[in-house]
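Visitor: Input file: model-v1.cif. Contents: mmCIF, C-alpha atoms and all ligand atoms.
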```
data_start
#
loop_
_atom_site.label_atom_id
_atom_site.label_comp_id
_atom_site.auth_asym_id
_atom_site.auth_seq_id
_atom_site.Cartn_x
_atom_site.Cartn_y
_atom_site.Cartn_z
CA MET A 1 -7.92 -0.86 -20.27
CA LYS A 2 -7.14 -3.91 -22.35
CA SER A 3 -7.49 -7.18 -20.44
CA ILE A 4 -4.94 -9.97 -20.55
CA ASP A 5 -7.86 -12.16 -21.60
CA GLU A 6 -7.08 -10.76 -25.05
CA LEU A 7 -3.57 -12.20 -24.82
CA THR A 8 -4.34 -15.65 -26.16
CA ASP A 9 -1.38 -15.82 -28.51
CA VAL A 10 1.56 -15.31 -26.16
CA ALA A 11 3.29 -18.68 -26.41
CA GLY A 12 7.02 -18.06 -26.74
CA LYS A 13 6.61 -14.31 -26.18
CA ARG A 14 8.30 -12.42 -23.36
CA VAL A 15 5.72 -10.76 -21.15
CA LEU A 16 7.15 -8.02 -18.94
CA ILE A 17 4.99 -7.71 -15.84
CA ARG A 18 5.04 -5.06 -13.09
CA CYS A 19 3.94 -6.64 -9.81
CA ASP A 20 3.71 -5.22 -6.31
CA PHE A 21 5.77 -7.51 -4.12
CA ASN A 22 6.47 -4.92 -1.44
CA VAL A 23 5.88 -7.37 1.39
CA PRO A 24 6.57 -6.89 5.10
CA LEU A 25 9.78 -8.62 6.21
CA LYS A 26 11.18 -9.66 9.55
CA GLY A 27 14.82 -10.22 8.68
CA GLU A 28 14.58 -12.37 5.57
CA GLU A 29 11.27 -13.89 6.54
CA ILE A 30 8.16 -12.65 4.76
CA THR A 31 5.58 -12.06 7.48
CA ASP A 32 2.65 -11.64 5.07
CA ASP A 33 2.73 -12.93 1.50
CA GLY A 34 -0.69 -11.53 0.55
CA ARG A 35 0.70 -9.32 -2.19
CA ILE A 36 2.56 -12.23 -3.80
CA ARG A 37 -0.55 -14.40 -3.68
CA ALA A 38 -2.58 -11.58 -5.22
CA ALA A 39 -0.38 -11.73 -8.33
CA LEU A 40 -0.79 -15.46 -8.89
CA PRO A 41 -3.93 -15.42 -11.10
CA THR A 42 -2.18 -13.26 -13.72
CA LEU A 43 1.14 -15.09 -13.54
CA THR A 44 -0.45 -18.53 -13.67
CA ALA A 45 -2.68 -17.64 -16.61
CA LEU A 46 0.18 -16.25 -18.69
CA ARG A 47 2.44 -19.19 -17.89
CA ALA A 48 -0.30 -21.61 -18.87
CA ARG A 49 -0.44 -19.88 -22.25
CA GLY A 50 3.27 -20.49 -22.75
CA ALA A 51 4.59 -16.99 -22.13
CA LYS A 52 8.05 -16.26 -20.74
CA LEU A 53 7.54 -14.09 -17.69
CA VAL A 54 9.87 -11.23 -16.78
CA ILE A 55 8.73 -9.64 -13.54
CA MET A 56 9.61 -6.19 -12.23
CA ALA A 57 8.98 -5.29 -8.59
CA HIS A 58 10.29 -3.14 -5.76
CA LEU A 59 10.86 -3.63 -2.06
CA GLY A 60 11.12 -0.80 0.43
CA ARG A 61 12.84 2.46 -0.36
CA PRO A 62 16.49 1.84 -1.35
CA GLU A 63 16.52 5.31 -2.93
CA GLY A 64 18.20 4.50 -6.22
CA GLU A 65 21.12 2.45 -4.91
CA ALA A 66 21.74 -1.29 -4.92
CA ASN A 67 21.44 -2.44 -1.32
CA PRO A 68 21.36 -6.13 -0.32
CA LYS A 69 19.03 -5.25 2.54
CA TYR A 70 16.31 -4.60 -0.04
CA SER A 71 17.06 -7.58 -2.30
CA LEU A 72 14.07 -9.39 -3.75
CA ALA A 73 15.68 -12.75 -2.89
CA PRO A 74 13.07 -13.64 -0.23
CA VAL A 75 10.34 -12.77 -2.72
CA ALA A 76 11.84 -14.91 -5.50
CA LYS A 77 11.95 -17.86 -3.14
CA ARG A 78 8.37 -17.46 -1.92
CA LEU A 79 7.02 -16.81 -5.40
CA GLY A 80 8.73 -19.98 -6.61
CA GLU A 81 7.08 -21.97 -3.83
CA LEU A 82 3.65 -20.55 -4.63
CA LEU A 83 3.97 -21.05 -8.39
CA GLY A 84 5.60 -24.44 -8.05
CA VAL A 85 8.46 -23.49 -10.41
CA PRO A 86 11.85 -21.97 -9.69
CA VAL A 87 12.01 -18.20 -10.14
CA ALA A 88 15.30 -16.96 -11.58
CA LEU A 89 16.33 -13.80 -9.74
CA ALA A 90 18.67 -11.51 -11.68
CA ALA A 91 21.48 -9.97 -9.65
CA ASP A 92 20.76 -6.55 -11.12
CA VAL A 93 17.88 -4.63 -12.67
CA VAL A 94 18.94 -4.01 -16.26
CA GLY A 95 22.61 -5.05 -16.25
CA ALA A 96 24.44 -8.08 -17.57
CA SER A 97 22.79 -10.45 -15.13
CA ALA A 98 19.28 -9.29 -16.02
CA GLN A 99 20.07 -9.63 -19.73
CA ALA A 100 21.44 -13.13 -19.33
CA THR A 101 18.55 -14.20 -17.10
CA VAL A 102 15.95 -13.01 -19.59
CA ALA A 103 17.83 -14.50 -22.56
CA ALA A 104 17.88 -17.91 -20.85
CA LEU A 105 14.07 -18.14 -20.40
CA ALA A 106 12.16 -21.01 -21.99
CA ASP A 107 8.38 -20.94 -22.48
CA GLY A 108 6.59 -20.86 -19.12
CA ASP A 109 9.75 -19.87 -17.23
CA VAL A 110 9.73 -17.05 -14.70
CA ALA A 111 12.42 -14.43 -14.13
CA LEU A 112 12.42 -11.66 -11.57
CA LEU A 113 14.60 -8.57 -12.02
CA GLU A 114 16.27 -7.22 -8.87
CA ASN A 115 14.54 -4.39 -6.99
CA VAL A 116 13.74 -1.72 -9.61
CA ARG A 117 14.32 0.98 -7.01
CA PHE A 118 18.03 0.11 -7.05
CA GLU A 119 18.03 2.16 -10.28
CA PRO A 120 18.02 5.95 -9.77
CA GLY A 121 15.97 6.36 -12.96
CA GLU A 122 13.04 4.35 -11.61
CA ALA A 123 11.53 7.08 -9.46
CA SER A 124 13.33 10.05 -10.99
CA LYS A 125 11.41 13.29 -11.35
CA ALA A 126 13.24 13.88 -14.65
CA ASP A 127 11.20 12.41 -17.51
CA ALA A 128 14.29 11.69 -19.61
CA GLU A 129 15.94 9.64 -16.86
CA ARG A 130 12.83 7.55 -16.33
CA GLU A 131 12.32 7.11 -20.06
CA ALA A 132 15.91 5.94 -20.57
CA LEU A 133 15.46 3.26 -17.93
CA ALA A 134 12.03 2.32 -19.29
CA ALA A 135 13.60 1.76 -22.71
CA ARG A 136 15.92 -0.79 -21.15
CA TYR A 137 13.02 -2.52 -19.39
CA ALA A 138 11.15 -2.59 -22.70
CA GLY A 139 14.07 -4.48 -24.21
CA PHE A 140 13.12 -7.39 -21.94
CA GLY A 141 9.56 -7.79 -23.20
CA ASP A 142 7.31 -8.03 -26.23
CA ILE A 143 4.24 -7.09 -24.19
CA PHE A 144 3.78 -5.17 -20.94
CA VAL A 145 1.29 -6.20 -18.26
CA SER A 146 0.58 -3.89 -15.34
CA ASP A 147 -0.52 -5.84 -12.28
CA GLY A 148 1.06 -3.98 -9.36
CA PHE A 149 -2.01 -2.14 -8.16
CA GLY A 150 -0.13 -0.77 -5.14
CA VAL A 151 2.08 1.33 -7.42
CA VAL A 152 -0.30 2.56 -10.13
CA HIS A 153 -0.42 5.99 -8.47
CA ARG A 154 3.31 6.37 -9.12
CA LYS A 155 4.69 7.98 -12.26
CA GLN A 156 7.67 5.66 -12.31
CA ALA A 157 9.62 3.97 -15.08
CA SER A 158 8.36 0.42 -14.46
CA VAL A 159 4.77 1.55 -13.94
CA TYR A 160 4.19 4.42 -16.31
CA ASP A 161 6.94 5.06 -18.86
CA VAL A 162 7.42 1.46 -19.93
CA ALA A 163 3.69 1.17 -20.67
CA LYS A 164 4.15 3.69 -23.47
CA LEU A 165 6.84 1.62 -25.16
CA LEU A 166 5.13 -1.77 -25.44
CA PRO A 167 1.59 -2.99 -26.08
CA ALA A 168 0.19 -2.54 -22.56
CA TYR A 169 -2.46 -4.58 -20.73
CA ALA A 170 -4.03 -4.62 -17.26
CA GLY A 171 -3.53 -7.79 -15.24
CA TYR A 172 -6.34 -9.48 -13.32
CA LEU A 173 -5.40 -7.86 -10.01
CA VAL A 174 -5.47 -4.33 -11.40
CA GLU A 175 -8.79 -5.07 -13.11
CA ARG A 176 -10.37 -6.39 -9.94
CA GLU A 177 -9.12 -3.56 -7.73
CA VAL A 178 -10.50 -0.95 -10.12
CA THR A 179 -13.88 -2.68 -10.32
CA VAL A 180 -14.28 -2.84 -6.53
CA LEU A 181 -12.96 0.61 -5.74
CA LYS A 182 -15.29 2.14 -8.34
CA LYS A 183 -18.17 1.00 -6.13
CA LEU A 184 -16.91 3.39 -3.45
CA THR A 185 -16.78 6.37 -5.77
CA VAL A 186 -20.17 5.99 -7.43
CA HIS A 187 -22.99 6.79 -4.97
CA PRO A 188 -21.59 5.22 -1.79
CA GLU A 189 -24.30 4.41 0.76
CA ARG A 190 -24.15 6.86 3.68
CA PRO A 191 -22.92 7.37 6.31
CA TYR A 192 -19.59 6.91 4.57
CA VAL A 193 -16.72 6.66 7.03
CA VAL A 194 -13.04 6.75 6.12
CA VAL A 195 -10.58 5.47 8.71
CA LEU A 196 -7.01 6.68 8.24
CA GLY A 197 -3.91 5.60 10.07
CA GLY A 198 -0.40 4.35 9.43
CA ALA A 199 2.94 6.03 9.22
CA LYS A 200 3.16 7.78 5.85
CA VAL A 201 2.03 10.97 7.50
CA ALA A 202 2.83 13.51 4.79
CA ASP A 203 1.47 11.28 1.99
CA LYS A 204 -1.77 10.64 3.77
CA LEU A 205 -2.37 14.15 5.02
CA ALA A 206 -2.23 15.21 1.40
CA VAL A 207 -5.35 13.19 0.59
CA ILE A 208 -7.52 14.48 3.43
CA ASP A 209 -8.83 17.51 1.51
CA ASN A 210 -10.34 15.35 -1.15
CA LEU A 211 -11.55 12.66 1.23
CA LEU A 212 -13.40 15.29 3.23
CA ALA A 213 -15.29 16.09 0.07
CA VAL A 214 -16.56 12.54 -0.45
CA ALA A 215 -16.86 11.02 3.05
CA ASP A 216 -19.12 12.06 5.94
CA THR A 217 -16.70 11.23 8.75
CA LEU A 218 -12.94 10.88 8.90
CA ILE A 219 -11.56 8.76 11.72
CA ILE A 220 -7.90 9.43 12.40
CA GLY A 221 -5.52 7.03 14.14
CA GLY A 222 -1.95 5.83 13.69
CA GLY A 223 1.03 8.10 13.27
CA MET A 224 -0.78 11.01 11.65
CA ALA A 225 -3.11 11.54 14.61
CA TYR A 226 -0.42 13.34 16.56
CA THR A 227 0.11 16.10 14.03
CA PHE A 228 -3.64 16.76 14.31
CA LEU A 229 -3.50 16.74 18.10
CA LYS A 230 -0.57 19.14 17.99
CA ALA A 231 -2.69 21.37 15.73
CA GLU A 232 -5.32 21.36 18.47
CA GLY A 233 -2.68 22.66 20.87
CA LEU A 234 -1.85 19.39 22.65
CA GLU A 235 1.65 18.15 23.45
CA VAL A 236 2.48 14.82 21.84
CA GLY A 237 5.78 13.90 23.51
CA ARG A 238 7.97 11.72 21.28
CA SER A 239 5.10 10.63 19.03
CA LEU A 240 5.37 10.74 15.25
CA LEU A 241 4.95 14.37 14.24
CA ASP A 242 5.25 16.23 10.97
CA GLU A 243 6.09 19.79 12.03
CA THR A 244 5.58 21.04 8.49
CA LYS A 245 1.97 19.85 8.45
CA ILE A 246 0.61 21.28 11.68
CA ALA A 247 -0.92 24.31 9.98
CA ALA A 248 -2.42 22.09 7.29
CA CYS A 249 -4.03 19.90 9.95
CA ALA A 250 -5.53 22.95 11.62
CA GLY A 251 -6.91 23.86 8.20
CA TYR A 252 -8.51 20.43 7.73
CA LEU A 253 -10.19 20.69 11.12
CA GLU A 254 -11.59 24.10 10.09
CA GLN A 255 -12.65 22.80 6.69
CA ALA A 256 -14.54 19.93 8.32
CA LYS A 257 -16.34 22.27 10.68
CA ALA A 258 -17.30 24.61 7.86
CA THR A 259 -18.70 21.82 5.69
CA GLY A 260 -20.56 19.84 8.34
CA LYS A 261 -18.15 16.91 8.21
CA ARG A 262 -16.52 15.30 11.21
CA ILE A 263 -12.88 14.48 11.92
CA LEU A 264 -12.48 12.21 14.94
CA LEU A 265 -9.18 12.19 16.82
CA PRO A 266 -7.92 9.85 19.56
CA VAL A 267 -8.98 10.75 23.08
CA ASP A 268 -6.56 8.31 24.67
CA ALA A 269 -3.39 6.48 23.63
CA ARG A 270 -1.05 3.65 24.52
CA VAL A 271 2.34 5.17 25.14
CA ALA A 272 5.78 3.62 25.52
CA ASP A 273 9.40 4.67 25.81
CA PRO A 274 10.64 4.97 22.20
CA ALA A 275 13.87 3.17 23.17
CA ASP A 276 11.79 0.14 24.17
CA ILE A 277 10.16 -0.21 20.75
CA ASP A 278 12.17 -2.75 18.79
CA PHE A 279 10.50 -2.45 15.43
CA GLY A 280 12.76 -4.89 13.57
CA GLY A 281 12.47 -7.58 16.22
CA ARG A 282 8.76 -6.86 16.64
CA VAL A 283 8.96 -6.68 20.42
CA LEU A 284 8.39 -4.11 23.14
CA ASN A 285 11.07 -4.23 25.80
CA GLY A 286 9.25 -2.18 28.43
CA GLU A 287 5.90 -1.11 29.81
CA VAL A 288 2.89 0.37 28.06
CA ALA A 289 0.72 2.99 29.75
CA ILE A 290 -2.72 4.24 28.75
CA VAL A 291 -3.07 8.01 28.98
CA PRO A 292 -5.58 10.60 27.78
CA THR A 293 -4.22 12.41 24.71
CA THR A 294 -4.35 15.61 26.75
CA ALA A 295 -1.57 14.14 28.92
CA ILE A 296 1.00 12.40 26.71
CA PRO A 297 4.25 12.45 28.72
CA ALA A 298 7.09 14.42 27.12
CA ASP A 299 9.42 11.40 27.02
CA LYS A 300 6.89 8.89 25.66
CA GLU A 301 5.68 7.94 22.19
CA ALA A 302 2.00 7.33 21.48
CA ALA A 303 2.17 4.02 19.64
CA ASP A 304 -1.49 2.94 19.58
CA ILE A 305 -4.92 4.42 20.20
CA GLY A 306 -6.29 3.72 23.68
CA PRO A 307 -9.34 1.61 24.63
CA GLU A 308 -11.74 4.54 24.93
CA THR A 309 -10.81 5.73 21.44
CA ALA A 310 -11.09 2.18 20.10
CA ALA A 311 -14.64 1.87 21.49
CA LEU A 312 -15.60 5.26 20.04
CA TYR A 313 -14.23 4.36 16.60
CA ALA A 314 -15.84 0.91 16.66
CA ALA A 315 -19.26 2.46 17.39
CA GLU A 316 -18.81 4.90 14.52
CA ILE A 317 -17.91 2.06 12.15
CA ALA A 318 -20.87 -0.02 13.34
CA ALA A 319 -23.25 2.80 12.36
CA ALA A 320 -21.75 3.31 8.91
CA LYS A 321 -23.06 1.95 5.60
CA THR A 322 -19.77 2.32 3.73
CA VAL A 323 -16.31 2.15 5.26
CA PHE A 324 -12.87 2.53 3.77
CA TRP A 325 -9.95 1.84 6.06
CA ASN A 326 -6.30 2.52 5.35
CA GLY A 327 -3.46 2.41 7.86
CA PRO A 328 -3.01 0.68 11.23
CA MET A 329 -4.12 2.55 14.36
CA GLY A 330 -0.79 1.85 16.03
CA ILE A 331 2.39 -0.17 15.71
CA SER A 332 0.31 -3.26 15.05
CA GLU A 333 3.32 -5.44 14.32
CA ILE A 334 4.04 -5.47 18.07
CA ALA A 335 1.46 -7.38 20.11
CA GLU A 336 1.24 -4.87 22.99
CA LEU A 337 0.58 -2.05 20.52
CA SER A 338 -1.93 -3.81 18.29
CA ALA A 339 -5.18 -3.62 20.29
CA GLY A 340 -6.44 -0.45 18.59
CA THR A 341 -5.90 -1.85 15.12
CA LYS A 342 -7.51 -5.13 16.14
CA ALA A 343 -10.56 -3.29 17.49
CA VAL A 344 -11.03 -1.38 14.24
CA ALA A 345 -10.54 -4.53 12.18
CA GLY A 346 -13.08 -6.35 14.37
CA ALA A 347 -15.64 -3.57 14.02
CA LEU A 348 -15.22 -3.66 10.25
CA ALA A 349 -15.45 -7.44 10.07
CA GLY A 350 -18.60 -7.41 12.20
CA SER A 351 -20.40 -4.62 10.36
CA ALA A 352 -22.91 -5.00 7.57
CA ALA A 353 -21.41 -2.00 5.79
CA PHE A 354 -19.66 -2.35 2.46
CA SER A 355 -16.09 -2.30 3.75
CA VAL A 356 -12.80 -2.00 1.96
CA VAL A 357 -9.43 -2.35 3.61
CA GLY A 358 -6.54 -0.82 1.67
CA GLY A 359 -2.82 -0.81 2.29
CA GLY A 360 -0.11 -3.40 2.63
CA ASP A 361 0.34 -3.05 6.37
CA SER A 362 -3.38 -2.79 7.10
CA ALA A 363 -4.14 -5.89 5.06
CA ALA A 364 -1.24 -7.72 6.70
CA ALA A 365 -2.60 -6.78 10.14
CA VAL A 366 -6.08 -8.07 9.29
CA ARG A 367 -4.63 -11.40 8.18
CA ALA A 368 -2.21 -11.63 11.10
CA PHE A 369 -5.12 -11.20 13.53
CA GLY A 370 -6.77 -14.17 11.83
CA PHE A 371 -9.85 -12.41 10.49
CA ASP A 372 -11.68 -14.14 7.68
CA GLU A 373 -11.02 -12.13 4.54
CA ALA A 374 -14.57 -12.87 3.44
CA SER A 375 -15.96 -10.75 6.27
CA PHE A 376 -14.63 -7.68 4.47
CA GLY A 377 -16.05 -6.41 1.20
CA HIS A 378 -12.60 -6.23 -0.30
CA ILE A 379 -9.00 -6.20 0.84
CA SER A 380 -7.05 -3.98 -1.50
CA THR A 381 -3.34 -4.53 -2.07
CA GLY A 382 -2.83 -0.80 -2.56
CA GLY A 383 -2.71 1.80 0.21
CA GLY A 384 -1.73 5.06 -1.45
CA ALA A 385 -3.14 3.87 -4.76
CA SER A 386 -6.56 3.06 -3.34
CA LEU A 387 -6.66 6.36 -1.43
CA GLU A 388 -5.88 8.37 -4.54
CA PHE A 389 -8.44 6.38 -6.50
CA LEU A 390 -11.09 7.25 -3.88
CA GLU A 391 -10.13 10.90 -4.07
CA GLY A 392 -11.07 10.78 -7.73
CA LYS A 393 -7.54 11.46 -8.93
CA THR A 394 -6.17 10.25 -12.23
CA LEU A 395 -3.64 7.56 -11.45
CA PRO A 396 -0.75 7.68 -13.97
CA GLY A 397 -0.36 3.90 -14.09
CA LEU A 398 -4.05 3.43 -14.95
CA ALA A 399 -4.35 6.39 -17.31
CA VAL A 400 -1.48 5.05 -19.40
CA LEU A 401 -3.30 1.71 -19.75
CA GLU A 402 -6.50 3.46 -20.79
CA GLU A 403 -4.62 5.33 -23.51
CA ALA A 404 -2.95 2.16 -24.75
P1 LIG B 1 -0.48 0.86 4.91
O1 LIG B 1 0.64 -0.01 4.44
O2 LIG B 1 -1.61 0.07 5.44
O3 LIG B 1 -0.89 1.86 3.87
P2 LIG B 1 1.39 2.62 6.24
O4 LIG B 1 2.46 2.03 5.42
O5 LIG B 1 1.04 4.04 6.03
O6 LIG B 1 0.06 1.71 6.14
O7 LIG B 1 1.75 2.51 7.77
C1 LIG B 1 1.97 1.30 8.42
C2 LIG B 1 2.95 1.49 9.51
O8 LIG B 1 2.50 2.50 10.40
C3 LIG B 1 3.13 0.27 10.36
O9 LIG B 1 4.45 -0.20 10.19
C4 LIG B 1 2.88 0.77 11.79
O10 LIG B 1 3.81 0.25 12.72
C5 LIG B 1 3.05 2.24 11.66
N1 LIG B 1 2.35 3.02 12.68
C6 LIG B 1 1.05 3.04 12.94
N2 LIG B 1 0.75 3.83 13.98
C7 LIG B 1 1.92 4.36 14.40
C8 LIG B 1 2.28 5.26 15.45
N3 LIG B 1 1.38 5.76 16.29
N4 LIG B 1 3.58 5.58 15.57
C9 LIG B 1 4.51 5.05 14.75
N5 LIG B 1 4.23 4.20 13.72
C10 LIG B 1 2.95 3.86 13.57
MG MG B 2 2.74 0.33 4.25
#
```
In structure tokens, what does this structure look like?
Guide:
Amino acid sequence: MKSIDELTDVAGKRVLIRCDFNVPLKGEEITDDGRIRAALPTLTALRARGAKLVIMAHLGRPEGEANPKYSLAPVAKRLGELLGVPVALAADVVGASAQATVAALADGDVALLENVRFEPGEASKADAEREALAARYAGFGDIFVSDGFGVVHRKQASVYDVAKLLPAYAGYLVEREVTVLKKLTVHPERPYVVVLGGAKVADKLAVIDNLLAVADTLIIGGGMAYTFLKAEGLEVGRSLLDETKIAACAGYLEQAKATGKRILLPVDARVADPADIDFGGRVLNGEVAIVPTTAIPADKEAADIGPETAALYAAEIAAAKTVFWNGPMGISEIAELSAGTKAVAGALAGSAAFSVVGGGDSAAAVRAFGFDEASFGHISTGGGASLEFLEGKTLPGLAVLEEA
């Protein structure tokens, strides 16, 4: 990959940059700006060299339609505060507003296009649709810089296709992430424990095969745990469940047994009435109970691992030499449902193992709990991207930079 250190002569040039600004929001308030901060080294360096910055980013999953709920307005404001210059937010992605905003840039100015996922072509499976959109993005830049590590596993117009149309470089964040994550793939010290949680159940179940091949122990928490428990014949009440993946989970448990690996599942859980969980307002309006996972009530949702599970997982982490953790153990945004995630984070922070935390929500949880980032080996901005990297997969957004 070509480094932006090579870009010494960019004064007056338009540099089109893909960033990952997919930050957690509570209303319009950004609850963790870690991903925006992570982009600052690249943005500051290019501005200092006199480039005009045109930034592309996404927020949430608006599914190809403009939707004010997913506007990047809060991001533009926060980025402006952090950079100390106003950030001009276009009202659209590639329309008249975007064109005017880019045309108005002076050297060192910063523009942000509206959420690229407002455009149906961005994440289209049809190459031609993505390429057509990428051609319009390319019209906004003389050079392309890829710095959104959290999206480099996506074959999307602003990540992959546009990189083929302009001279393409890796930003400092992408460079750093790749350097650190490589350490986990080349002779990791054992025992090597991978802790998986979070809510993207289908996505994350898909990586388990390959993780079982590299890690010694898989610790499962968060939303995906309940599909595993169902596969073991337990009832999971109203907990997150992917019916289509039960058989696959049974298969993973078999595979682990056959290869001498271990998959650890929660033995107890914090359960609540789903109607009491106000995710947007980040509050629980009712009671939490701790139950063994063999006795999850039919009308309750398991929303965090229980204390016995937390102690078990913490001991496992304490004995490991290498740990990768992706995905909260429960709904960690809500205080009453955050103890399991806090326990895992604490075990990681206190261990001498080389530890990497990956994933937007996991990283946000670690920071929200007030842990010192320095007590972790690395906090990755990418969840899915870091997982796929660890699996040894070719990530489209990195491969395209290597070819450039
Ligand atoms: P990351 O961003 O770290 O990769 P994900 O995006 O996969 O993690 O998942 C984070 C989300 O998972 C959080 O919003 C959290 O509330 C949710 N979550 C974790 N455990 C559960 C659970 N048991 N039930 C429902 N949601 C959960
Ligand atoms: Mg997430």
Visitor: Please find the residues contacting ligand MG 2 (chain B) at a distance of at most 10 Å between atoms, with only C-alpha atoms and all ligand atoms counted, and report them as a list in words.
Guide: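 Here is the list of contacting residues: Asn22, Val23, Pro24, Gly60, Gly150, Gly198, Ala199, Lys200, Asn326, Gly327, Pro328, Gly358, Gly359, Gly360, Asp361, Ser362, Ala363, Ala364, Gly382, Gly383 and Gly384 of chain A.
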Visitor: Using only C-alpha atoms, which protein or nucleic acid residues come within 8 Å of segment 102-109 of chain A? Drop anything in the same chain fewer than 2 positions from it, and give the result as an mmCIF file with C-alpha atoms, in the coordinates of the input.
Guide:
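File written: part32.cif
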```cif
data_model
loop_
_atom_site.group_PDB
_atom_site.id
_atom_site.type_symbol
_atom_site.label_atom_id
_atom_site.label_comp_id
_atom_site.auth_asym_id
_atom_site.auth_seq_id
_atom_site.Cartn_x
_atom_site.Cartn_y
_atom_site.Cartn_z
ATOM 1 C CA ALA A 11 3.290 -18.680 -26.410
ATOM 2 C CA GLY A 12 7.020 -18.060 -26.740
ATOM 3 C CA LYS A 13 6.610 -14.310 -26.180
ATOM 4 C CA LEU A 46 0.180 -16.250 -18.690
ATOM 5 C CA ARG A 47 2.440 -19.190 -17.890
ATOM 6 C CA ALA A 48 -0.300 -21.610 -18.870
ATOM 7 C CA ARG A 49 -0.440 -19.880 -22.250
ATOM 8 C CA GLY A 50 3.270 -20.490 -22.750
ATOM 9 C CA ALA A 51 4.590 -16.990 -22.130
ATOM 10 C CA LYS A 52 8.050 -16.260 -20.740
ATOM 11 C CA LEU A 53 7.540 -14.090 -17.690
ATOM 12 C CA VAL A 54 9.870 -11.230 -16.780
ATOM 13 C CA VAL A 85 8.460 -23.490 -10.410
ATOM 14 C CA VAL A 87 12.010 -18.200 -10.140
ATOM 15 C CA ALA A 98 19.280 -9.290 -16.020
ATOM 16 C CA GLN A 99 20.070 -9.630 -19.730
ATOM 17 C CA ALA A 100 21.440 -13.130 -19.330
ATOM 18 C CA ALA A 111 12.420 -14.430 -14.130
ATOM 19 C CA PHE A 140 13.120 -7.390 -21.940
#
```
Visitor: Pick the closest to Asp268 of chain A from A:Asp304, A:Glu129, A:Glu6, A:Glu254: which is it, counting only C-alpha atoms?
Guide: A:Asp304
Visitor: Using all atoms listed in the file, what does the table of segment 163-271 of chain A residues within 10 Å of segment 340-344 of chain A look like, with each row giving the shortest atom pair and its distance in Å to one decimal, sorted by chain and ascending number, as JSON lines?
Guide:
```
{"residue": "A:Val195", "atom": "CA", "partner": "A:Val344", "partner_atom": "CA", "distance": 8.8}
{"residue": "A:Gly197", "atom": "CA", "partner": "A:Thr341", "partner_atom": "CA", "distance": 9.2}
{"residue": "A:Gly221", "atom": "CA", "partner": "A:Gly340", "partner_atom": "CA", "distance": 8.8}
{"residue": "A:Gly222", "atom": "CA", "partner": "A:Thr341", "partner_atom": "CA", "distance": 8.8}
{"residue": "A:Ala269", "atom": "CA", "partner": "A:Gly340", "partner_atom": "CA", "distance": 9.1}
{"residue": "A:Arg270", "atom": "CA", "partner": "A:Gly340", "partner_atom": "CA", "distance": 9.0}
```
Visitor: Fewer than 3 positions away in the same chain doesn't count, so skip those; otherwise give me all residues within 6 Å of Pro396 of chain A, counting only C-alpha atoms, as JSON, numbers by chain.
Guide: {"A": [153, 155, 399]}
Visitor: Determine, counting only C-alpha atoms, which protein, DNA and RNA residues have an atom within 9 Å of an atom of Lys245 of chain A; residues of the same chain fewer than 3 positions away are not included. Present the result as a PDB file with C-alpha atoms, in the coordinates of the input.
Guide:
```pdb
ATOM      1  CA  VAL A 201       2.030  10.970   7.500  1.00  0.00           C
ATOM      2  CA  ALA A 202       2.830  13.510   4.790  1.00  0.00           C
ATOM      3  CA  LEU A 205      -2.370  14.150   5.020  1.00  0.00           C
ATOM      4  CA  THR A 227       0.110  16.100  14.030  1.00  0.00           C
ATOM      5  CA  PHE A 228      -3.640  16.760  14.310  1.00  0.00           C
ATOM      6  CA  ALA A 231      -2.690  21.370  15.730  1.00  0.00           C
ATOM      7  CA  LEU A 241       4.950  14.370  14.240  1.00  0.00           C
ATOM      8  CA  ASP A 242       5.250  16.230  10.970  1.00  0.00           C
ATOM      9  CA  ALA A 248      -2.420  22.090   7.290  1.00  0.00           C
ATOM     10  CA  CYS A 249      -4.030  19.900   9.950  1.00  0.00           C
ATOM     11  CA  ALA A 250      -5.530  22.950  11.620  1.00  0.00           C
TER      12      ALA A 250
END
```
Visitor: Atom CA of Ala310 of chain A and atom CA of Val207 of chain A are how many Å apart?
Guide: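 Distance reported for this atom pair: 23.1 Å.
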Visitor: Could you check which of A:Asp209, A:Asp276, A:Glu235, A:Asp372 is closest to Gly392 of chain A, using only C-alpha atoms?
Guide: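 Checking each of A:Asp209, A:Asp276, A:Glu235, A:Asp372 against Gly392 of chain A, counting only C-alpha atoms, the winner is A:Asp209.
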